[in-house]
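Engineer: my_file04.pdb is reproduced in full below (PDB, C-alpha atoms).
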```
ATOM      1  CA  MET A   1       0.160  -8.256  22.420  1.00  0.00           C
ATOM      2  CA  PHE A   2       3.417  -6.317  22.449  1.00  0.00           C
ATOM      3  CA  VAL A   3       2.379  -2.938  23.866  1.00  0.00           C
ATOM      4  CA  ARG A   4      -0.705  -1.605  25.622  1.00  0.00           C
ATOM      5  CA  THR A   5      -1.317   2.140  25.913  1.00  0.00           C
ATOM      6  CA  GLU A   6      -4.254   3.976  27.441  1.00  0.00           C
ATOM      7  CA  ARG A   7      -6.458   3.426  24.375  1.00  0.00           C
ATOM      8  CA  LEU A   8      -4.498   1.176  22.014  1.00  0.00           C
ATOM      9  CA  THR A   9      -2.933  -2.232  21.663  1.00  0.00           C
ATOM     10  CA  LEU A  10       0.095  -2.857  19.449  1.00  0.00           C
ATOM     11  CA  ARG A  11      -0.171  -6.482  18.438  1.00  0.00           C
ATOM     12  CA  ARG A  12       0.700  -8.996  15.759  1.00  0.00           C
ATOM     13  CA  PHE A  13      -1.417  -8.909  12.595  1.00  0.00           C
ATOM     14  CA  LEU A  14      -4.237 -11.466  12.302  1.00  0.00           C
ATOM     15  CA  PRO A  15      -5.835 -12.916   9.130  1.00  0.00           C
ATOM     16  CA  ALA A  16      -9.064 -11.093  10.060  1.00  0.00           C
ATOM     17  CA  ASP A  17      -7.224  -7.753   9.622  1.00  0.00           C
ATOM     18  CA  ALA A  18      -6.901  -8.077   5.844  1.00  0.00           C
ATOM     19  CA  GLU A  19     -10.124  -6.280   4.896  1.00  0.00           C
ATOM     20  CA  ARG A  20      -9.495  -3.269   7.180  1.00  0.00           C
ATOM     21  CA  PHE A  21      -5.837  -3.214   6.082  1.00  0.00           C
ATOM     22  CA  ALA A  22      -6.856  -3.118   2.396  1.00  0.00           C
ATOM     23  CA  ALA A  23      -9.404  -0.373   3.128  1.00  0.00           C
ATOM     24  CA  TYR A  24      -7.108   2.135   4.820  1.00  0.00           C
ATOM     25  CA  ARG A  25      -4.123   1.408   2.604  1.00  0.00           C
ATOM     26  CA  SER A  26      -6.362   1.929  -0.454  1.00  0.00           C
ATOM     27  CA  ASP A  27      -7.173   5.482   0.627  1.00  0.00           C
ATOM     28  CA  PRO A  28      -5.227   7.797  -1.739  1.00  0.00           C
ATOM     29  CA  ASP A  29      -4.659  10.274   1.110  1.00  0.00           C
ATOM     30  CA  VAL A  30      -3.076   7.549   3.263  1.00  0.00           C
ATOM     31  CA  ALA A  31      -0.975   6.154   0.389  1.00  0.00           C
ATOM     32  CA  HIS A  32       0.220   9.546  -0.877  1.00  0.00           C
ATOM     33  CA  TYR A  33       3.556   9.623   0.997  1.00  0.00           C
ATOM     34  CA  GLN A  34       3.869   5.840   1.373  1.00  0.00           C
ATOM     35  CA  GLY A  35       5.737   3.306  -0.735  1.00  0.00           C
ATOM     36  CA  TRP A  36       2.687   1.533  -2.152  1.00  0.00           C
ATOM     37  CA  GLU A  37       0.107   2.454  -4.770  1.00  0.00           C
ATOM     38  CA  ALA A  38      -3.593   2.663  -3.978  1.00  0.00           C
ATOM     39  CA  PRO A  39      -5.856   0.798  -4.241  1.00  0.00           C
ATOM     40  CA  VAL A  40      -4.585  -2.315  -2.460  1.00  0.00           C
ATOM     41  CA  PRO A  41      -6.564  -5.354  -3.685  1.00  0.00           C
ATOM     42  CA  LEU A  42      -7.969  -7.594  -0.953  1.00  0.00           C
ATOM     43  CA  ALA A  43      -5.988 -10.598  -2.231  1.00  0.00           C
ATOM     44  CA  ASP A  44      -2.743  -8.600  -1.944  1.00  0.00           C
ATOM     45  CA  ALA A  45      -3.755  -7.404   1.524  1.00  0.00           C
ATOM     46  CA  GLN A  46      -4.419 -10.994   2.615  1.00  0.00           C
ATOM     47  CA  GLU A  47      -0.939 -12.064   1.467  1.00  0.00           C
ATOM     48  CA  THR A  48       0.677  -9.050   3.122  1.00  0.00           C
ATOM     49  CA  VAL A  49      -1.174  -9.547   6.406  1.00  0.00           C
ATOM     50  CA  GLU A  50      -0.202 -13.238   6.391  1.00  0.00           C
ATOM     51  CA  ARG A  51       3.449 -12.268   5.895  1.00  0.00           C
ATOM     52  CA  PHE A  52       3.231  -9.648   8.663  1.00  0.00           C
ATOM     53  CA  ALA A  53       1.611 -12.189  11.014  1.00  0.00           C
ATOM     54  CA  GLY A  54       4.585 -14.526  10.605  1.00  0.00           C
ATOM     55  CA  GLY A  55       7.231 -11.863  11.231  1.00  0.00           C
ATOM     56  CA  ASP A  56       9.686 -11.845  14.115  1.00  0.00           C
ATOM     57  CA  PRO A  57       9.880  -8.475  15.922  1.00  0.00           C
ATOM     58  CA  GLU A  58      13.323  -9.305  17.316  1.00  0.00           C
ATOM     59  CA  ALA A  59      14.926 -10.342  14.005  1.00  0.00           C
ATOM     60  CA  PRO A  60      16.697  -7.880  11.685  1.00  0.00           C
ATOM     61  CA  GLY A  61      14.446  -6.406   9.016  1.00  0.00           C
ATOM     62  CA  TRP A  62      10.945  -4.987   8.897  1.00  0.00           C
ATOM     63  CA  PHE A  63       8.234  -5.946  11.354  1.00  0.00           C
ATOM     64  CA  GLN A  64       4.736  -4.441  11.241  1.00  0.00           C
ATOM     65  CA  TYR A  65       2.798  -3.867  14.453  1.00  0.00           C
ATOM     66  CA  ALA A  66      -0.986  -3.724  14.085  1.00  0.00           C
ATOM     67  CA  VAL A  67      -2.502  -0.691  15.850  1.00  0.00           C
ATOM     68  CA  ASP A  68      -5.737  -1.872  17.464  1.00  0.00           C
ATOM     69  CA  LEU A  69      -8.458   0.307  19.008  1.00  0.00           C
ATOM     70  CA  ASP A  70     -11.086  -1.764  20.830  1.00  0.00           C
ATOM     71  CA  GLY A  71     -10.618  -4.714  18.463  1.00  0.00           C
ATOM     72  CA  VAL A  72     -10.534  -2.595  15.288  1.00  0.00           C
ATOM     73  CA  LEU A  73      -7.382  -2.273  13.159  1.00  0.00           C
ATOM     74  CA  ILE A  74      -6.796   1.466  12.683  1.00  0.00           C
ATOM     75  CA  GLY A  75      -3.237   1.467  11.347  1.00  0.00           C
ATOM     76  CA  ASP A  76       0.202  -0.021  11.611  1.00  0.00           C
ATOM     77  CA  LEU A  77       3.709   0.833  12.752  1.00  0.00           C
ATOM     78  CA  GLY A  78       6.679  -0.496  10.824  1.00  0.00           C
ATOM     79  CA  LEU A  79      10.022  -1.091  12.491  1.00  0.00           C
ATOM     80  CA  ASN A  80      13.132  -1.944  10.490  1.00  0.00           C
ATOM     81  CA  LEU A  81      15.529  -3.474  13.016  1.00  0.00           C
ATOM     82  CA  HIS A  82      19.185  -3.147  12.048  1.00  0.00           C
ATOM     83  CA  GLU A  83      21.394  -6.243  11.940  1.00  0.00           C
ATOM     84  CA  ASN A  84      23.197  -5.024  15.085  1.00  0.00           C
ATOM     85  CA  LEU A  85      19.845  -5.267  16.978  1.00  0.00           C
ATOM     86  CA  MET A  86      20.572  -1.913  18.663  1.00  0.00           C
ATOM     87  CA  GLN A  87      18.991   0.547  16.247  1.00  0.00           C
ATOM     88  CA  ALA A  88      15.954   0.700  14.012  1.00  0.00           C
ATOM     89  CA  GLU A  89      13.986   2.818  11.574  1.00  0.00           C
ATOM     90  CA  LEU A  90      10.342   3.667  12.299  1.00  0.00           C
ATOM     91  CA  GLY A  91       7.404   4.188   9.966  1.00  0.00           C
ATOM     92  CA  PHE A  92       3.689   4.645  10.640  1.00  0.00           C
ATOM     93  CA  THR A  93       0.345   4.555   8.850  1.00  0.00           C
ATOM     94  CA  LEU A  94      -3.055   5.463  10.265  1.00  0.00           C
ATOM     95  CA  ALA A  95      -6.510   5.243   8.675  1.00  0.00           C
ATOM     96  CA  THR A  96      -7.799   8.695   7.731  1.00  0.00           C
ATOM     97  CA  GLU A  97     -10.845   8.524   9.997  1.00  0.00           C
ATOM     98  CA  TYR A  98      -8.580   8.058  13.032  1.00  0.00           C
ATOM     99  CA  GLN A  99      -6.120  10.843  12.232  1.00  0.00           C
ATOM    100  CA  GLY A 100      -6.068  14.030  14.297  1.00  0.00           C
ATOM    101  CA  MET A 101      -7.212  12.287  17.508  1.00  0.00           C
ATOM    102  CA  GLY A 102      -3.813  11.559  19.032  1.00  0.00           C
ATOM    103  CA  TYR A 103      -3.813   7.847  18.150  1.00  0.00           C
ATOM    104  CA  ALA A 104      -0.655   7.954  16.016  1.00  0.00           C
ATOM    105  CA  SER A 105       1.273   9.826  18.712  1.00  0.00           C
ATOM    106  CA  GLU A 106       0.018   7.432  21.368  1.00  0.00           C
ATOM    107  CA  ALA A 107       0.984   4.373  19.317  1.00  0.00           C
ATOM    108  CA  VAL A 108       4.458   5.724  18.518  1.00  0.00           C
ATOM    109  CA  ARG A 109       5.040   6.725  22.163  1.00  0.00           C
ATOM    110  CA  GLY A 110       4.002   3.262  23.299  1.00  0.00           C
ATOM    111  CA  LEU A 111       6.358   1.589  20.856  1.00  0.00           C
ATOM    112  CA  LEU A 112       9.218   3.919  21.814  1.00  0.00           C
ATOM    113  CA  GLU A 113       8.715   3.020  25.481  1.00  0.00           C
ATOM    114  CA  HIS A 114       8.856  -0.672  24.564  1.00  0.00           C
ATOM    115  CA  LEU A 115      11.929  -0.278  22.356  1.00  0.00           C
ATOM    116  CA  PHE A 116      13.973   2.016  24.595  1.00  0.00           C
ATOM    117  CA  VAL A 117      13.040   0.672  28.044  1.00  0.00           C
ATOM    118  CA  GLU A 118      12.263  -3.020  27.568  1.00  0.00           C
ATOM    119  CA  ARG A 119      14.417  -3.857  24.542  1.00  0.00           C
ATOM    120  CA  GLU A 120      17.071  -1.204  25.258  1.00  0.00           C
ATOM    121  CA  LEU A 121      17.604  -0.109  21.663  1.00  0.00           C
ATOM    122  CA  HIS A 122      20.191   2.652  21.317  1.00  0.00           C
ATOM    123  CA  ARG A 123      18.644   4.684  18.492  1.00  0.00           C
ATOM    124  CA  ILE A 124      15.453   4.961  16.454  1.00  0.00           C
ATOM    125  CA  SER A 125      15.460   6.922  13.209  1.00  0.00           C
ATOM    126  CA  ALA A 126      12.712   8.017  10.835  1.00  0.00           C
ATOM    127  CA  GLU A 127      12.447   9.714   7.458  1.00  0.00           C
ATOM    128  CA  ALA A 128       9.599  11.751   6.036  1.00  0.00           C
ATOM    129  CA  ASP A 129       8.877  13.396   2.720  1.00  0.00           C
ATOM    130  CA  ALA A 130       9.499  17.091   3.435  1.00  0.00           C
ATOM    131  CA  ARG A 131       5.977  17.891   2.178  1.00  0.00           C
ATOM    132  CA  ASN A 132       4.471  15.567   4.789  1.00  0.00           C
ATOM    133  CA  THR A 133       4.294  18.168   7.536  1.00  0.00           C
ATOM    134  CA  ALA A 134       1.848  16.127   9.645  1.00  0.00           C
ATOM    135  CA  SER A 135       4.346  13.261   9.980  1.00  0.00           C
ATOM    136  CA  ALA A 136       7.205  15.649  10.715  1.00  0.00           C
ATOM    137  CA  ARG A 137       5.156  17.345  13.455  1.00  0.00           C
ATOM    138  CA  LEU A 138       4.219  13.963  14.948  1.00  0.00           C
ATOM    139  CA  LEU A 139       7.862  12.869  15.094  1.00  0.00           C
ATOM    140  CA  GLU A 140       8.920  16.098  16.792  1.00  0.00           C
ATOM    141  CA  ARG A 141       5.933  15.960  19.184  1.00  0.00           C
ATOM    142  CA  VAL A 142       6.942  12.501  20.460  1.00  0.00           C
ATOM    143  CA  GLY A 143      10.570  13.540  20.978  1.00  0.00           C
ATOM    144  CA  PHE A 144      12.472  12.957  17.734  1.00  0.00           C
ATOM    145  CA  THR A 145      15.092  15.504  16.737  1.00  0.00           C
ATOM    146  CA  ARG A 146      15.210  16.740  13.167  1.00  0.00           C
ATOM    147  CA  GLU A 147      18.723  15.848  12.078  1.00  0.00           C
ATOM    148  CA  GLY A 148      18.800  16.836   8.454  1.00  0.00           C
ATOM    149  CA  LEU A 149      17.298  17.472   5.054  1.00  0.00           C
ATOM    150  CA  ARG A 150      18.376  15.666   1.894  1.00  0.00           C
ATOM    151  CA  LEU A 151      17.352  17.764  -1.084  1.00  0.00           C
ATOM    152  CA  SER A 152      15.919  16.036  -4.142  1.00  0.00           C
ATOM    153  CA  ASN A 153      17.064  12.730  -2.671  1.00  0.00           C
ATOM    154  CA  SER A 154      14.371  10.184  -3.505  1.00  0.00           C
ATOM    155  CA  TRP A 155      12.760   9.339  -6.841  1.00  0.00           C
ATOM    156  CA  PHE A 156       9.284   8.677  -5.522  1.00  0.00           C
ATOM    157  CA  LYS A 157       6.077   8.147  -7.476  1.00  0.00           C
ATOM    158  CA  GLY A 158       7.419   9.887 -10.543  1.00  0.00           C
ATOM    159  CA  GLU A 159       9.186  12.864  -8.969  1.00  0.00           C
ATOM    160  CA  TRP A 160      12.239  13.841  -6.956  1.00  0.00           C
ATOM    161  CA  THR A 161      11.410  14.524  -3.332  1.00  0.00           C
ATOM    162  CA  ASP A 162      13.240  16.039  -0.377  1.00  0.00           C
ATOM    163  CA  ASP A 163      13.694  13.826   2.697  1.00  0.00           C
ATOM    164  CA  LEU A 164      13.611  14.991   6.317  1.00  0.00           C
ATOM    165  CA  LEU A 165      15.767  12.921   8.683  1.00  0.00           C
ATOM    166  CA  PHE A 166      14.895  12.365  12.330  1.00  0.00           C
ATOM    167  CA  GLY A 167      16.560  10.535  15.192  1.00  0.00           C
ATOM    168  CA  TYR A 168      15.912   9.646  18.807  1.00  0.00           C
ATOM    169  CA  LEU A 169      18.562   8.309  21.185  1.00  0.00           C
ATOM    170  CA  ARG A 170      17.757   6.076  24.145  1.00  0.00           C
ATOM    171  CA  ASP A 171      19.672   8.378  26.523  1.00  0.00           C
ATOM    172  CA  ASP A 172      17.585  11.359  25.386  1.00  0.00           C
ATOM    173  CA  TYR A 173      14.397   9.347  25.789  1.00  0.00           C
ATOM    174  CA  LEU A 174      15.293   8.220  29.299  1.00  0.00           C
ATOM    175  CA  ASN A 175      16.315  11.742  30.336  1.00  0.00           C
ATOM    176  CA  ARG A 176      13.096  13.272  28.945  1.00  0.00           C
ATOM    177  CA  SER A 177      10.885  10.576  30.430  1.00  0.00           C
ATOM    178  CA  ARG A 178      12.179  10.706  33.955  1.00  0.00           C
ATOM    179  CA  PRO A 179      10.384  13.033  36.341  1.00  0.00           C
ATOM    180  CA  THR A 180      12.467  15.859  37.767  1.00  0.00           C
ATOM    181  CA  PRO A 181      13.485  14.967  41.326  1.00  0.00           C
ATOM    182  CA  ALA A 182      12.030  17.092  44.090  1.00  0.00           C
ATOM    183  CA  PRO A 183      14.558  19.417  45.760  1.00  0.00           C
ATOM    184  CA  SER A 184      16.022  18.104  48.994  1.00  0.00           C
ATOM    185  CA  ALA A 185      14.805  19.781  52.158  1.00  0.00           C
TER     186      ALA A 185
END
```
For this file, write the structure as structure tokens.

Structural biologist:
Amino acid sequence: MFVRTERLTLRRFLPADAERFAAYRSDPDVAHYQGWEAPVPLADAQETVERFAGGDPEAPGWFQYAVDLDGVLIGDLGLNLHENLMQAELGFTLATEYQGMGYASEAVRGLLEHLFVERELHRISAEADARNTASARLLERVGFTREGLRLSNSWFKGEWTDDLLFGYLRDDYLNRSRPTPAPSA
């Protein structure tokens, strides 16, 4: 286990996660703004989950955290750690049946706490397809600042798409997270 929130555990992937992983990543609504095509065959999911399970969260490159609710895989958070080990890019995926209940926000907040407080990363960034308003709202809700818009920037699933850019600095996180001191008497 890497992170525990009120309702969720962010943990390493396990071989037993492959079937659930294939199921939610095969949902066309989940895959729509993501870099894979649905459906995801179980054999491919098993290979992917095995690769994720062997990843190192403190090494440069992508690491996937399994989002677990009471022993059930409900999604995953991807973190692409930069070679300097001080900044990273965040991505997230949640099964449709668990969307709209605050789980994605809770998982991202938990990971941000871990990354900014325990690991002391300087900056976390994220990108979203400009049409993906739910992801943009989630990023802003958890404290990211919208930093830009790249028009017609990505050739994605057969079309040019606009990209929203978001960032979150450790100093901003620490200043927002700290309670306001009581006035002196």

Engineer: For the file shown, report as a PyMOL selection string the outcome of the PyMOL selection byres ((chain A and resi 114-118) around 8) at residue level.

Structural biologist: chain A and resi 3+110-113+119-122+170+173-174

Engineer: Work out how far apart CA of Ser105 (chain A) and CA of Arg11 (chain A) are and give it in Å to one decimal.

Structural biologist: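 If I compute the distance from CA of Ser105 (chain A) to CA of Arg11 (chain A), I get 16.4 Å.
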
Engineer: What does the distance between CA of Pro39 (chain A) and CA of Arg25 (chain A) come to in Å, to one decimal place?

Structural biologist: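 Pair CA of Pro39 (chain A) / CA of Arg25 (chain A) returns 7.1 Å.
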
Engineer: Report as a PyMOL selection string all protein, DNA and RNA residues lying within 12 Å of Leu69 (chain A), evaluated on all atoms listed in the file, omitting residues in the same chain fewer than 5 positions from it.

Structural biologist: chain A and resi 4-11+74-76+94-95+98+103-104+106-107

Engineer: With the PyMOL selection byres ((chain A and resi 21) around 8) as the selection, what would be picked from this file? Answer as an mmCIF file with C-alpha atoms, in the frame of the given file, please.

Structural biologist:
```cif
data_model
loop_
_atom_site.group_PDB
_atom_site.id
_atom_site.type_symbol
_atom_site.label_atom_id
_atom_site.label_comp_id
_atom_site.auth_asym_id
_atom_site.auth_seq_id
_atom_site.Cartn_x
_atom_site.Cartn_y
_atom_site.Cartn_z
ATOM 1 C CA ASP A 17 -7.224 -7.753 9.622
ATOM 2 C CA ALA A 18 -6.901 -8.077 5.844
ATOM 3 C CA GLU A 19 -10.124 -6.280 4.896
ATOM 4 C CA ARG A 20 -9.495 -3.269 7.180
ATOM 5 C CA ALA A 22 -6.856 -3.118 2.396
ATOM 6 C CA ALA A 23 -9.404 -0.373 3.128
ATOM 7 C CA TYR A 24 -7.108 2.135 4.820
ATOM 8 C CA ARG A 25 -4.123 1.408 2.604
ATOM 9 C CA ALA A 45 -3.755 -7.404 1.524
ATOM 10 C CA VAL A 49 -1.174 -9.547 6.406
ATOM 11 C CA LEU A 73 -7.382 -2.273 13.159
ATOM 12 C CA GLY A 75 -3.237 1.467 11.347
#
```

Engineer: For Phe92 (chain A), work out the shell of residues within 12 Å, counting all atoms listed in the file and skipping chain neighbours fewer than 3 positions away, then give it as a VMD selection string.

Structural biologist: chain A and resid 25 30 to 31 33 to 35 63 to 67 74 to 80 89 95 99 103 to 109 111 126 to 128 134 to 136 138 to 139

Engineer: For a test of reading the model, state the distance in Å between CA of Thr96 (chain A) and CA of Thr133 (chain A), rounded to one decimal.

Structural biologist: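 Distance reported for this atom pair: 15.4 Å.
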